[in-house]
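Participant: Below is one structure. I have some questions about it.
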Amino acid sequence: MFKIKHVLLLSFTIIALTISGCKSQFEKIRLSNDVAKKYQEAMRLYNKKNYAKALILFEDLSQKYRGRAEAEELNYHYALTLYKLKDYTTARYQFKSFADTYPTSKYAEECRYMSAYCYYLDSPAPSLDQENTYKAIDALQLFINFYPKSERAIDAAKYIGLLRAKLEDKAYTNAKLYYDLGGAGANAVNYQSAVIALKNAQIDFPDIKYAEEMDLLIIKSQYEYARNSYEIRQEDRFNEAIGYADEFIEAHPQSKLLPEANALKKASQNGIDKAKVFLAEVEKDQKKYKALLEKDAKRDSITTKTPIK
């Protein structure tokens, strides 16, 4: 995908230059076979911050300078040009390629860092798929492993923290979504899914900043799951909600959410009491019904044995 995006960027730039008039000085240099002059012009354009034109020349020269002494400097500026044009996907590839090709270069550390940083810049919003966020964390951590004493390692650690915070946001939002969907009947299973998702998020992020909110949401989700269950299932499920409430009270004794946790605990106990009353009534009705059936069966038996005159 990034190759298509990169090719389009180059194509549009070349078309724009062609439309602008007959062969300009730039076009003459671009079509020239004088690679030394072309390289000199590419660097001049780069230094003048005309990155779109510089990229066209670097793109062409990167193939022609392969194996030459100037290739190191050229490929370094080629990667930087892509970065300046905000083509982070292609830039990170070129930075990594440079660092792998020239591991002893004075630019190697910078290029490894920039490759990881481009992953960071390509990390999407929390609502989207976070594959690039995980890759960015891995790349930044790899840079820290390579250069633990580098000043850039401090920035890398900072960006890892920001990326993890984004993953925490997504984990919390996704788990809360199950609770928000909620519903009665068959949809009540969303509350059970919310409990599972919230607990898994806390396993993945033990120091998540939403700990209190998530712990309370676990109680609320379990309470709603119990409340929307058949009465025969409610006692066990309300007891789980009470258990989560007790855990919340122990873990967050000074929390502003404590009154709500206590209210949910009390509501769960009331739910158990109501379920027991209901089940007792059902059992009582069943016994009455069973007694009636037995009485009818007995009467039918007597009627059958009485001879007809």
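All residue names refer to the structure tokens as shown: chains lettered A, B, ... in order, residues numbered from 1 in each chain, ligands numbered from 1 in order.
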Do you know which residues are at most 9 Å from range 261-271 of chain A counting only C-alpha atoms, after dropping those on the same chain fewer than 4 positions away, and could you put them as a PyMOL selection string?

Facilitator: chain A and resi 216+219-220+223+226-227+234-235+237-239+241-246+248-249+257+275-276

Participant: Do you know which residues are at most 10 Å from range 125-128 of chain A counting only C-alpha atoms, after dropping those on the same chain fewer than 4 positions away, and could you put them as a ChimeraX atom specification?

Facilitator: /A:133,163,165-171,173-174

Participant: Taking the DSSP secondary structure from the backbone, can you list the residues of range 4-218 of chain A that are helix (DSSP H, G or I), as number ranges by chain?

Facilitator: A: 4-19, 25-31, 35-47, 51-64, 71-84, 88-101, 108-121, 131-146, 151-181, 185-204, 211-218

Participant: Pick out the residues sitting within 12 Å of range 111-113 of chain A, and hand them over as a short mmCIF file (atom, residue, chain, number, x, y, z; two decimals) with all heavy atoms, in the first residue's frame; count only C-alpha atoms, and ignore anything fewer than 5 positions along from it in its own chain.

Facilitator:
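The result, stored in result.cif:
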```cif
data_model
loop_
_atom_site.label_atom_id
_atom_site.label_comp_id
_atom_site.auth_asym_id
_atom_site.auth_seq_id
_atom_site.Cartn_x
_atom_site.Cartn_y
_atom_site.Cartn_z
N GLU A 72 25.80 6.63 0.52
CA GLU A 72 25.42 6.76 1.93
C GLU A 72 24.77 8.11 2.20
O GLU A 72 23.66 8.18 2.77
CB GLU A 72 26.65 6.59 2.81
CG GLU A 72 26.34 6.70 4.30
CD GLU A 72 27.59 6.54 5.16
OE1 GLU A 72 28.54 5.85 4.74
OE2 GLU A 72 27.59 7.11 6.28
N ASN A 75 21.33 8.40 0.23
CA ASN A 75 20.22 7.64 0.80
C ASN A 75 19.74 8.21 2.13
O ASN A 75 18.56 8.12 2.47
CB ASN A 75 20.61 6.17 0.96
CG ASN A 75 20.64 5.44 -0.36
OD1 ASN A 75 19.75 5.61 -1.19
ND2 ASN A 75 21.67 4.63 -0.58
N TYR A 76 20.65 8.81 2.86
CA TYR A 76 20.27 9.47 4.12
C TYR A 76 19.33 10.64 3.83
O TYR A 76 18.27 10.78 4.45
CB TYR A 76 21.53 9.96 4.83
CG TYR A 76 21.28 10.88 6.00
CD1 TYR A 76 20.67 10.42 7.16
CD2 TYR A 76 21.64 12.23 5.92
CE1 TYR A 76 20.44 11.29 8.23
CE2 TYR A 76 21.42 13.09 6.99
CZ TYR A 76 20.82 12.62 8.14
OH TYR A 76 20.59 13.46 9.20
N HIS A 77 19.70 11.46 2.86
CA HIS A 77 18.87 12.62 2.52
C HIS A 77 17.59 12.20 1.79
O HIS A 77 16.55 12.87 1.89
CB HIS A 77 19.66 13.63 1.69
CG HIS A 77 20.63 14.43 2.50
ND1 HIS A 77 21.94 14.03 2.69
CD2 HIS A 77 20.46 15.58 3.21
CE1 HIS A 77 22.54 14.91 3.47
NE2 HIS A 77 21.67 15.85 3.80
N TYR A 78 17.66 11.09 1.08
CA TYR A 78 16.47 10.55 0.43
C TYR A 78 15.41 10.19 1.49
O TYR A 78 14.24 10.57 1.38
CB TYR A 78 16.87 9.31 -0.39
CG TYR A 78 15.74 8.57 -1.04
CD1 TYR A 78 14.58 9.20 -1.47
CD2 TYR A 78 15.85 7.19 -1.24
CE1 TYR A 78 13.56 8.49 -2.09
CE2 TYR A 78 14.84 6.47 -1.86
CZ TYR A 78 13.70 7.13 -2.28
OH TYR A 78 12.69 6.43 -2.88
N ALA A 79 15.84 9.51 2.55
CA ALA A 79 14.92 9.14 3.65
C ALA A 79 14.38 10.39 4.35
O ALA A 79 13.19 10.48 4.66
CB ALA A 79 15.63 8.22 4.64
N LEU A 80 15.27 11.36 4.58
CA LEU A 80 14.84 12.60 5.23
C LEU A 80 13.83 13.37 4.38
O LEU A 80 12.89 13.97 4.91
CB LEU A 80 16.06 13.50 5.50
CG LEU A 80 16.93 13.14 6.71
CD1 LEU A 80 18.13 14.07 6.78
CD2 LEU A 80 16.12 13.24 8.01
N TYR A 83 10.50 11.90 4.81
CA TYR A 83 9.98 12.31 6.13
C TYR A 83 9.45 13.74 6.08
O TYR A 83 8.38 14.04 6.60
CB TYR A 83 11.10 12.18 7.16
CG TYR A 83 10.77 12.82 8.48
CD1 TYR A 83 9.86 12.25 9.38
CD2 TYR A 83 11.36 14.04 8.84
CE1 TYR A 83 9.56 12.86 10.59
CE2 TYR A 83 11.06 14.65 10.06
CZ TYR A 83 10.17 14.06 10.92
OH TYR A 83 9.86 14.67 12.11
N ALA A 91 9.13 6.53 4.40
CA ALA A 91 10.30 7.06 5.11
C ALA A 91 10.82 6.05 6.13
O ALA A 91 12.03 5.83 6.22
CB ALA A 91 9.94 8.36 5.82
N ARG A 92 9.93 5.42 6.90
CA ARG A 92 10.40 4.48 7.92
C ARG A 92 11.10 3.28 7.27
O ARG A 92 12.07 2.75 7.81
CB ARG A 92 9.25 4.03 8.81
CG ARG A 92 8.27 3.07 8.19
CD ARG A 92 7.25 2.60 9.22
NE ARG A 92 6.32 1.67 8.64
CZ ARG A 92 5.00 1.85 8.56
NH1 ARG A 92 4.45 2.94 9.05
NH2 ARG A 92 4.22 0.94 8.02
N TYR A 93 10.60 2.89 6.10
CA TYR A 93 11.24 1.79 5.37
C TYR A 93 12.65 2.21 4.94
O TYR A 93 13.61 1.44 5.09
CB TYR A 93 10.41 1.40 4.15
CG TYR A 93 11.11 0.42 3.24
CD1 TYR A 93 11.14 -0.94 3.53
CD2 TYR A 93 11.76 0.87 2.09
CE1 TYR A 93 11.80 -1.83 2.69
CE2 TYR A 93 12.43 -0.01 1.25
CZ TYR A 93 12.45 -1.36 1.56
OH TYR A 93 13.12 -2.24 0.74
N GLN A 94 12.77 3.41 4.41
CA GLN A 94 14.07 3.89 3.94
C GLN A 94 15.04 4.13 5.10
O GLN A 94 16.24 3.83 4.98
CB GLN A 94 13.89 5.18 3.13
CG GLN A 94 13.17 4.99 1.81
CD GLN A 94 13.92 4.09 0.85
OE1 GLN A 94 15.15 3.94 0.92
NE2 GLN A 94 13.20 3.45 -0.05
N PHE A 95 14.56 4.64 6.21
CA PHE A 95 15.43 4.83 7.38
C PHE A 95 15.97 3.49 7.89
O PHE A 95 17.14 3.36 8.20
CB PHE A 95 14.67 5.54 8.50
CG PHE A 95 14.56 7.03 8.33
CD1 PHE A 95 13.32 7.66 8.37
CD2 PHE A 95 15.69 7.81 8.16
CE1 PHE A 95 13.21 9.04 8.23
CE2 PHE A 95 15.60 9.20 8.02
CZ PHE A 95 14.35 9.81 8.05
N LYS A 96 15.08 2.51 7.97
CA LYS A 96 15.50 1.18 8.45
C LYS A 96 16.48 0.55 7.47
O LYS A 96 17.49 -0.05 7.85
CB LYS A 96 14.30 0.27 8.64
CG LYS A 96 14.67 -1.10 9.23
CD LYS A 96 13.44 -1.97 9.44
CE LYS A 96 13.81 -3.29 10.10
NZ LYS A 96 14.82 -4.06 9.37
N SER A 97 16.18 0.69 6.16
CA SER A 97 17.05 0.14 5.13
C SER A 97 18.44 0.77 5.22
O SER A 97 19.46 0.08 5.09
CB SER A 97 16.44 0.39 3.75
OG SER A 97 17.30 -0.06 2.73
N PHE A 98 18.48 2.08 5.48
CA PHE A 98 19.76 2.78 5.61
C PHE A 98 20.54 2.22 6.80
O PHE A 98 21.74 1.90 6.68
CB PHE A 98 19.54 4.27 5.80
CG PHE A 98 20.82 5.05 5.93
CD1 PHE A 98 21.39 5.66 4.83
CD2 PHE A 98 21.48 5.16 7.16
CE1 PHE A 98 22.59 6.36 4.94
CE2 PHE A 98 22.67 5.85 7.28
CZ PHE A 98 23.23 6.45 6.16
N ALA A 99 19.88 2.10 7.96
CA ALA A 99 20.56 1.62 9.17
C ALA A 99 21.06 0.20 9.01
O ALA A 99 22.14 -0.15 9.52
CB ALA A 99 19.62 1.72 10.36
N ASP A 100 20.31 -0.62 8.29
CA ASP A 100 20.74 -2.02 8.06
C ASP A 100 21.89 -2.09 7.06
O ASP A 100 22.77 -2.93 7.18
CB ASP A 100 19.56 -2.84 7.54
CG ASP A 100 18.48 -3.06 8.60
OD1 ASP A 100 18.79 -2.89 9.80
OD2 ASP A 100 17.35 -3.40 8.22
N THR A 101 21.86 -1.18 6.08
CA THR A 101 22.91 -1.18 5.03
C THR A 101 24.20 -0.55 5.52
O THR A 101 25.30 -0.99 5.17
CB THR A 101 22.40 -0.42 3.78
OG1 THR A 101 21.16 -0.99 3.36
CG2 THR A 101 23.42 -0.52 2.65
N TYR A 102 24.08 0.50 6.36
CA TYR A 102 25.25 1.22 6.86
C TYR A 102 25.25 1.24 8.40
O TYR A 102 25.05 2.29 9.02
CB TYR A 102 25.25 2.66 6.33
CG TYR A 102 25.10 2.78 4.83
CD1 TYR A 102 23.87 3.15 4.27
CD2 TYR A 102 26.17 2.53 3.97
CE1 TYR A 102 23.72 3.27 2.89
CE2 TYR A 102 26.02 2.65 2.60
CZ TYR A 102 24.79 3.01 2.06
OH TYR A 102 24.65 3.13 0.70
N PRO A 103 25.43 0.09 9.02
CA PRO A 103 25.32 0.00 10.50
C PRO A 103 26.38 0.82 11.24
O PRO A 103 26.18 1.16 12.41
CB PRO A 103 25.48 -1.49 10.78
CG PRO A 103 26.20 -2.03 9.59
CD PRO A 103 25.74 -1.22 8.42
N THR A 104 27.51 1.14 10.59
CA THR A 104 28.56 1.91 11.26
C THR A 104 28.55 3.38 10.86
O THR A 104 29.42 4.15 11.26
CB THR A 104 29.95 1.31 10.92
OG1 THR A 104 30.16 1.35 9.50
CG2 THR A 104 30.06 -0.13 11.43
N SER A 105 27.56 3.77 10.08
CA SER A 105 27.46 5.16 9.63
C SER A 105 27.20 6.09 10.81
O SER A 105 26.59 5.72 11.81
CB SER A 105 26.33 5.30 8.62
OG SER A 105 26.04 6.67 8.37
N LYS A 106 27.64 7.35 10.67
CA LYS A 106 27.36 8.35 11.70
C LYS A 106 25.86 8.66 11.77
O LYS A 106 25.39 9.26 12.73
CB LYS A 106 28.14 9.63 11.42
CG LYS A 106 27.78 10.31 10.10
CD LYS A 106 28.62 11.56 9.88
CE LYS A 106 28.27 12.24 8.55
NZ LYS A 106 29.08 13.46 8.33
N CYS A 118 8.75 7.25 12.86
CA CYS A 118 7.76 7.28 11.77
C CYS A 118 6.61 6.31 12.06
O CYS A 118 5.46 6.59 11.71
CB CYS A 118 8.43 6.94 10.44
SG CYS A 118 9.41 8.30 9.76
N TYR A 119 6.93 5.18 12.67
CA TYR A 119 5.86 4.26 13.11
C TYR A 119 4.96 4.97 14.11
O TYR A 119 3.74 4.85 14.07
CB TYR A 119 6.46 3.02 13.76
CG TYR A 119 6.49 1.80 12.87
CD1 TYR A 119 7.68 1.12 12.62
CD2 TYR A 119 5.32 1.31 12.30
CE1 TYR A 119 7.71 0.00 11.82
CE2 TYR A 119 5.34 0.19 11.49
CZ TYR A 119 6.54 -0.47 11.26
OH TYR A 119 6.55 -1.57 10.46
N TYR A 120 5.57 5.71 15.02
CA TYR A 120 4.81 6.46 16.02
C TYR A 120 3.88 7.46 15.34
O TYR A 120 2.70 7.58 15.70
CB TYR A 120 5.76 7.18 16.97
CG TYR A 120 5.08 8.22 17.84
CD1 TYR A 120 4.35 7.84 18.97
CD2 TYR A 120 5.15 9.58 17.52
CE1 TYR A 120 3.70 8.79 19.75
CE2 TYR A 120 4.51 10.53 18.30
CZ TYR A 120 3.79 10.13 19.42
OH TYR A 120 3.15 11.08 20.18
N ALA A 136 4.93 0.25 16.46
CA ALA A 136 5.68 1.43 16.89
C ALA A 136 6.33 1.18 18.25
O ALA A 136 7.50 1.54 18.48
CB ALA A 136 4.76 2.64 16.96
N ILE A 137 5.57 0.58 19.17
CA ILE A 137 6.12 0.27 20.51
C ILE A 137 7.31 -0.67 20.38
O ILE A 137 8.36 -0.47 21.00
CB ILE A 137 5.03 -0.34 21.41
CG1 ILE A 137 3.99 0.74 21.77
CG2 ILE A 137 5.64 -0.93 22.68
CD1 ILE A 137 2.78 0.20 22.49
N ASP A 138 7.16 -1.71 19.55
CA ASP A 138 8.25 -2.67 19.35
C ASP A 138 9.48 -1.99 18.76
O ASP A 138 10.62 -2.25 19.19
CB ASP A 138 7.79 -3.81 18.44
CG ASP A 138 6.79 -4.74 19.11
OD1 ASP A 138 6.70 -4.71 20.36
OD2 ASP A 138 6.09 -5.49 18.40
N ALA A 139 9.26 -1.12 17.76
CA ALA A 139 10.38 -0.45 17.09
C ALA A 139 11.09 0.51 18.05
O ALA A 139 12.33 0.58 18.07
CB ALA A 139 9.87 0.30 15.86
N LEU A 140 10.32 1.25 18.83
CA LEU A 140 10.92 2.19 19.79
C LEU A 140 11.67 1.44 20.89
O LEU A 140 12.75 1.87 21.31
CB LEU A 140 9.83 3.07 20.39
CG LEU A 140 9.24 4.12 19.44
CD1 LEU A 140 7.92 4.65 19.97
CD2 LEU A 140 10.22 5.28 19.22
N GLN A 141 11.11 0.32 21.33
CA GLN A 141 11.79 -0.47 22.36
C GLN A 141 13.07 -1.08 21.81
O GLN A 141 14.09 -1.15 22.52
CB GLN A 141 10.86 -1.58 22.87
CG GLN A 141 11.43 -2.38 24.05
CD GLN A 141 11.74 -1.49 25.25
OE1 GLN A 141 10.86 -0.81 25.77
NE2 GLN A 141 12.99 -1.50 25.70
N LEU A 142 13.02 -1.50 20.55
CA LEU A 142 14.22 -2.05 19.91
C LEU A 142 15.31 -0.99 19.83
O LEU A 142 16.50 -1.27 20.05
CB LEU A 142 13.88 -2.56 18.51
CG LEU A 142 15.00 -3.29 17.76
CD1 LEU A 142 15.43 -4.55 18.52
CD2 LEU A 142 14.55 -3.66 16.34
N PHE A 143 14.92 0.26 19.53
CA PHE A 143 15.90 1.35 19.50
C PHE A 143 16.54 1.53 20.88
O PHE A 143 17.76 1.70 20.98
CB PHE A 143 15.25 2.66 19.05
CG PHE A 143 16.19 3.83 19.13
CD1 PHE A 143 17.10 4.06 18.12
CD2 PHE A 143 16.22 4.66 20.25
CE1 PHE A 143 18.02 5.12 18.21
CE2 PHE A 143 17.12 5.72 20.34
CZ PHE A 143 18.02 5.95 19.32
N ILE A 144 15.73 1.51 21.92
CA ILE A 144 16.25 1.65 23.29
C ILE A 144 17.22 0.51 23.61
O ILE A 144 18.26 0.74 24.25
CB ILE A 144 15.09 1.67 24.31
CG1 ILE A 144 14.25 2.94 24.12
CG2 ILE A 144 15.61 1.60 25.74
CD1 ILE A 144 12.97 2.98 24.92
N ASN A 145 16.90 -0.69 23.14
CA ASN A 145 17.78 -1.84 23.37
C ASN A 145 19.12 -1.66 22.65
O ASN A 145 20.18 -2.04 23.17
CB ASN A 145 17.10 -3.13 22.91
CG ASN A 145 15.88 -3.47 23.74
OD1 ASN A 145 15.69 -2.92 24.83
ND2 ASN A 145 15.05 -4.36 23.24
N PHE A 146 19.06 -1.08 21.45
CA PHE A 146 20.27 -0.85 20.66
C PHE A 146 21.12 0.27 21.26
O PHE A 146 22.35 0.19 21.31
CB PHE A 146 19.90 -0.49 19.21
CG PHE A 146 19.91 -1.63 18.25
CD1 PHE A 146 18.72 -2.16 17.79
CD2 PHE A 146 21.10 -2.19 17.81
CE1 PHE A 146 18.71 -3.22 16.90
CE2 PHE A 146 21.12 -3.24 16.92
CZ PHE A 146 19.92 -3.77 16.46
N TYR A 147 20.45 1.35 21.68
CA TYR A 147 21.15 2.54 22.15
C TYR A 147 20.60 2.99 23.52
O TYR A 147 19.98 4.06 23.63
CB TYR A 147 21.00 3.67 21.14
CG TYR A 147 21.43 3.31 19.73
CD1 TYR A 147 20.47 2.96 18.77
CD2 TYR A 147 22.77 3.32 19.36
CE1 TYR A 147 20.86 2.63 17.48
CE2 TYR A 147 23.16 3.00 18.07
CZ TYR A 147 22.20 2.65 17.13
OH TYR A 147 22.58 2.32 15.84
N PRO A 148 20.82 2.20 24.56
CA PRO A 148 20.24 2.52 25.87
C PRO A 148 20.75 3.83 26.48
O PRO A 148 20.07 4.44 27.29
CB PRO A 148 20.65 1.32 26.74
CG PRO A 148 21.85 0.73 26.05
CD PRO A 148 21.61 0.95 24.59
N SER A 150 21.63 6.52 24.66
CA SER A 150 21.40 7.63 23.73
C SER A 150 20.39 8.62 24.32
O SER A 150 19.46 8.24 25.04
CB SER A 150 20.86 7.10 22.40
OG SER A 150 20.37 8.14 21.60
N GLU A 151 20.58 9.90 24.00
CA GLU A 151 19.61 10.91 24.42
C GLU A 151 18.25 10.65 23.77
O GLU A 151 17.21 10.97 24.34
CB GLU A 151 20.11 12.30 24.05
CG GLU A 151 21.30 12.76 24.88
CD GLU A 151 21.72 14.18 24.55
OE1 GLU A 151 21.01 14.83 23.75
OE2 GLU A 151 22.73 14.64 25.09
N ARG A 152 18.29 10.06 22.58
CA ARG A 152 17.04 9.75 21.88
C ARG A 152 16.26 8.64 22.59
O ARG A 152 15.05 8.51 22.39
CB ARG A 152 17.32 9.33 20.44
CG ARG A 152 17.90 10.45 19.56
CD ARG A 152 17.99 10.01 18.12
NE ARG A 152 18.49 11.07 17.25
CZ ARG A 152 19.75 11.20 16.87
NH1 ARG A 152 20.65 10.33 17.31
NH2 ARG A 152 20.12 12.19 16.08
N ALA A 153 16.94 7.83 23.40
CA ALA A 153 16.25 6.76 24.13
C ALA A 153 15.22 7.34 25.11
O ALA A 153 14.19 6.72 25.38
CB ALA A 153 17.27 5.90 24.88
N ILE A 154 15.50 8.55 25.61
CA ILE A 154 14.56 9.21 26.53
C ILE A 154 13.27 9.56 25.78
O ILE A 154 12.16 9.33 26.27
CB ILE A 154 15.20 10.48 27.13
CG1 ILE A 154 16.43 10.11 27.96
CG2 ILE A 154 14.19 11.25 27.97
CD1 ILE A 154 17.24 11.31 28.42
N ASP A 155 13.43 10.10 24.57
CA ASP A 155 12.26 10.42 23.76
C ASP A 155 11.51 9.15 23.36
O ASP A 155 10.27 9.12 23.35
CB ASP A 155 12.67 11.18 22.49
CG ASP A 155 13.12 12.60 22.80
OD1 ASP A 155 12.67 13.15 23.83
OD2 ASP A 155 13.92 13.16 22.03
N ALA A 156 12.27 8.11 23.03
CA ALA A 156 11.64 6.83 22.64
C ALA A 156 10.78 6.29 23.77
O ALA A 156 9.65 5.83 23.54
CB ALA A 156 12.71 5.82 22.24
N ALA A 157 11.29 6.36 24.99
CA ALA A 157 10.53 5.89 26.16
C ALA A 157 9.27 6.73 26.35
O ALA A 157 8.20 6.21 26.70
CB ALA A 157 11.40 5.94 27.40
N TYR A 159 7.56 8.28 24.00
CA TYR A 159 6.59 7.93 22.96
C TYR A 159 5.96 6.56 23.24
O TYR A 159 4.76 6.36 22.95
CB TYR A 159 7.25 7.94 21.58
CG TYR A 159 7.65 9.33 21.13
CD1 TYR A 159 8.93 9.60 20.65
CD2 TYR A 159 6.74 10.39 21.21
CE1 TYR A 159 9.28 10.88 20.25
CE2 TYR A 159 7.09 11.67 20.81
CZ TYR A 159 8.36 11.91 20.33
OH TYR A 159 8.72 13.18 19.95
#
```

Participant: For range 185-193 of chain A, find every residue with an atom within 12 Å (counting only C-alpha atoms), except residues of its own chain fewer than 3 positions away, and show them as a ChimeraX atom specification.

Facilitator: /A:174-182,196-200,217-230,237,240-241

Participant: Restrict the selected residues to N, CA and C atoms and save them as an mmCIF file, in the first residue's frame.

Facilitator:
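The file below, selection-v6.cif, is the result:
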```cif
data_model
loop_
_atom_site.group_PDB
_atom_site.id
_atom_site.type_symbol
_atom_site.label_atom_id
_atom_site.label_comp_id
_atom_site.auth_asym_id
_atom_site.auth_seq_id
_atom_site.Cartn_x
_atom_site.Cartn_y
_atom_site.Cartn_z
ATOM 1 N N ASN A 174 -13.468 -0.134 24.329
ATOM 2 C CA ASN A 174 -14.037 -1.367 23.789
ATOM 3 C C ASN A 174 -14.812 -2.139 24.849
ATOM 4 N N ALA A 175 -14.238 -2.226 26.051
ATOM 5 C CA ALA A 175 -14.901 -2.946 27.145
ATOM 6 C C ALA A 175 -16.190 -2.240 27.540
ATOM 7 N N LYS A 176 -16.143 -0.912 27.620
ATOM 8 C CA LYS A 176 -17.325 -0.133 28.002
ATOM 9 C C LYS A 176 -18.422 -0.260 26.960
ATOM 10 N N LEU A 177 -18.029 -0.467 25.712
ATOM 11 C CA LEU A 177 -19.012 -0.594 24.639
ATOM 12 C C LEU A 177 -19.965 -1.763 24.898
ATOM 13 N N TYR A 178 -19.436 -2.873 25.422
ATOM 14 C CA TYR A 178 -20.295 -4.022 25.740
ATOM 15 C C TYR A 178 -21.349 -3.624 26.774
ATOM 16 N N TYR A 179 -20.929 -2.858 27.779
ATOM 17 C CA TYR A 179 -21.867 -2.416 28.806
ATOM 18 C C TYR A 179 -22.921 -1.487 28.189
ATOM 19 N N ASP A 180 -22.479 -0.564 27.338
ATOM 20 C CA ASP A 180 -23.395 0.387 26.715
ATOM 21 C C ASP A 180 -24.415 -0.316 25.814
ATOM 22 N N LEU A 181 -23.981 -1.400 25.160
ATOM 23 C CA LEU A 181 -24.904 -2.161 24.313
ATOM 24 C C LEU A 181 -25.963 -2.848 25.167
ATOM 25 N N GLY A 182 -25.506 -3.482 26.255
ATOM 26 C CA GLY A 182 -26.388 -4.074 27.261
ATOM 27 C C GLY A 182 -27.596 -4.770 26.698
ATOM 28 N N ILE A 196 -15.852 -9.663 31.234
ATOM 29 C CA ILE A 196 -14.679 -10.384 30.718
ATOM 30 C C ILE A 196 -13.700 -9.408 30.072
ATOM 31 N N ALA A 197 -14.222 -8.498 29.226
ATOM 32 C CA ALA A 197 -13.358 -7.535 28.516
ATOM 33 C C ALA A 197 -12.656 -6.595 29.492
ATOM 34 N N LEU A 198 -13.364 -6.149 30.518
ATOM 35 C CA LEU A 198 -12.780 -5.238 31.516
ATOM 36 C C LEU A 198 -11.670 -5.930 32.304
ATOM 37 N N LYS A 199 -11.896 -7.170 32.683
ATOM 38 C CA LYS A 199 -10.887 -7.905 33.451
ATOM 39 C C LYS A 199 -9.659 -8.206 32.589
ATOM 40 N N ASN A 200 -9.896 -8.548 31.317
ATOM 41 C CA ASN A 200 -8.774 -8.813 30.403
ATOM 42 C C ASN A 200 -7.944 -7.550 30.175
ATOM 43 N N LEU A 217 -17.296 -0.399 36.872
ATOM 44 C CA LEU A 217 -18.052 -0.878 35.717
ATOM 45 C C LEU A 217 -18.196 -2.396 35.731
ATOM 46 N N ILE A 218 -17.223 -3.081 36.293
ATOM 47 C CA ILE A 218 -17.323 -4.539 36.449
ATOM 48 C C ILE A 218 -18.495 -4.877 37.370
ATOM 49 N N ILE A 219 -18.608 -4.139 38.483
ATOM 50 C CA ILE A 219 -19.734 -4.371 39.409
ATOM 51 C C ILE A 219 -21.052 -4.099 38.695
ATOM 52 N N LYS A 220 -21.134 -2.962 38.009
ATOM 53 C CA LYS A 220 -22.368 -2.578 37.327
ATOM 54 C C LYS A 220 -22.744 -3.595 36.247
ATOM 55 N N SER A 221 -21.741 -4.065 35.497
ATOM 56 C CA SER A 221 -21.990 -5.035 34.431
ATOM 57 C C SER A 221 -22.494 -6.355 35.006
ATOM 58 N N GLN A 222 -21.834 -6.817 36.087
ATOM 59 C CA GLN A 222 -22.247 -8.068 36.706
ATOM 60 C C GLN A 222 -23.646 -7.937 37.325
ATOM 61 N N TYR A 223 -23.915 -6.781 37.922
ATOM 62 C CA TYR A 223 -25.238 -6.533 38.516
ATOM 63 C C TYR A 223 -26.322 -6.586 37.432
ATOM 64 N N GLU A 224 -26.087 -5.907 36.308
ATOM 65 C CA GLU A 224 -27.074 -5.899 35.230
ATOM 66 C C GLU A 224 -27.231 -7.279 34.608
ATOM 67 N N TYR A 225 -26.115 -8.013 34.532
ATOM 68 C CA TYR A 225 -26.174 -9.381 34.002
ATOM 69 C C TYR A 225 -27.047 -10.248 34.898
ATOM 70 N N ALA A 226 -26.875 -10.110 36.225
ATOM 71 C CA ALA A 226 -27.681 -10.876 37.179
ATOM 72 C C ALA A 226 -29.143 -10.438 37.120
ATOM 73 N N ARG A 227 -29.355 -9.133 37.078
ATOM 74 C CA ARG A 227 -30.721 -8.590 37.107
ATOM 75 C C ARG A 227 -31.529 -9.027 35.891
ATOM 76 N N ASN A 228 -30.845 -9.213 34.756
ATOM 77 C CA ASN A 228 -31.522 -9.611 33.520
ATOM 78 C C ASN A 228 -31.481 -11.115 33.279
ATOM 79 N N SER A 229 -31.073 -11.872 34.290
ATOM 80 C CA SER A 229 -31.026 -13.331 34.183
ATOM 81 C C SER A 229 -32.329 -13.944 34.704
ATOM 82 N N TYR A 230 -32.552 -15.225 34.392
ATOM 83 C CA TYR A 230 -33.676 -15.946 34.996
ATOM 84 C C TYR A 230 -33.432 -16.035 36.495
ATOM 85 N N ARG A 237 -25.234 -15.087 40.421
ATOM 86 C CA ARG A 237 -24.719 -13.947 39.659
ATOM 87 C C ARG A 237 -24.717 -12.662 40.487
ATOM 88 N N GLU A 240 -21.721 -12.812 42.714
ATOM 89 C CA GLU A 240 -20.493 -12.385 42.030
ATOM 90 C C GLU A 240 -20.378 -10.868 42.051
ATOM 91 N N ALA A 241 -21.498 -10.182 41.828
ATOM 92 C CA ALA A 241 -21.497 -8.707 41.862
ATOM 93 C C ALA A 241 -21.101 -8.219 43.256
#
```

Participant: One decimal, in Å: what's the spacing between CA of Gln40 in chain A and CA of Glu27 in chain A?

Facilitator: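 So the two atoms, CA of Gln40 in chain A and CA of Glu27 in chain A, lie 14.5 Å apart.
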
Participant: Under the rule that only C-alpha atoms are counted, which of A:Ile232, A:Arg66, A:Lys158, A:Ile208 is the nearest residue to Glu283 in chain A?

Facilitator: A:Ile232

Participant: List the spatial neighbours of Leu57 in chain A as a list in words - criterion: any atom at most 7 Å away, only C-alpha atoms, same-chain residues fewer than 3 positions off excluded.

Facilitator: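 Everything that qualifies: Arg30, Lys38, Ala42, Lys53, Ala54, Asp60 and Leu61 of chain A.
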
Participant: Pick the closest to Thr89 in chain A from A:Ala69, A:Leu74, A:Leu121, A:Ala108: which is it, counting only C-alpha atoms?

Facilitator: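 When distances to Thr89 in chain A are compared using only C-alpha atoms, the smallest one comes from A:Leu121.
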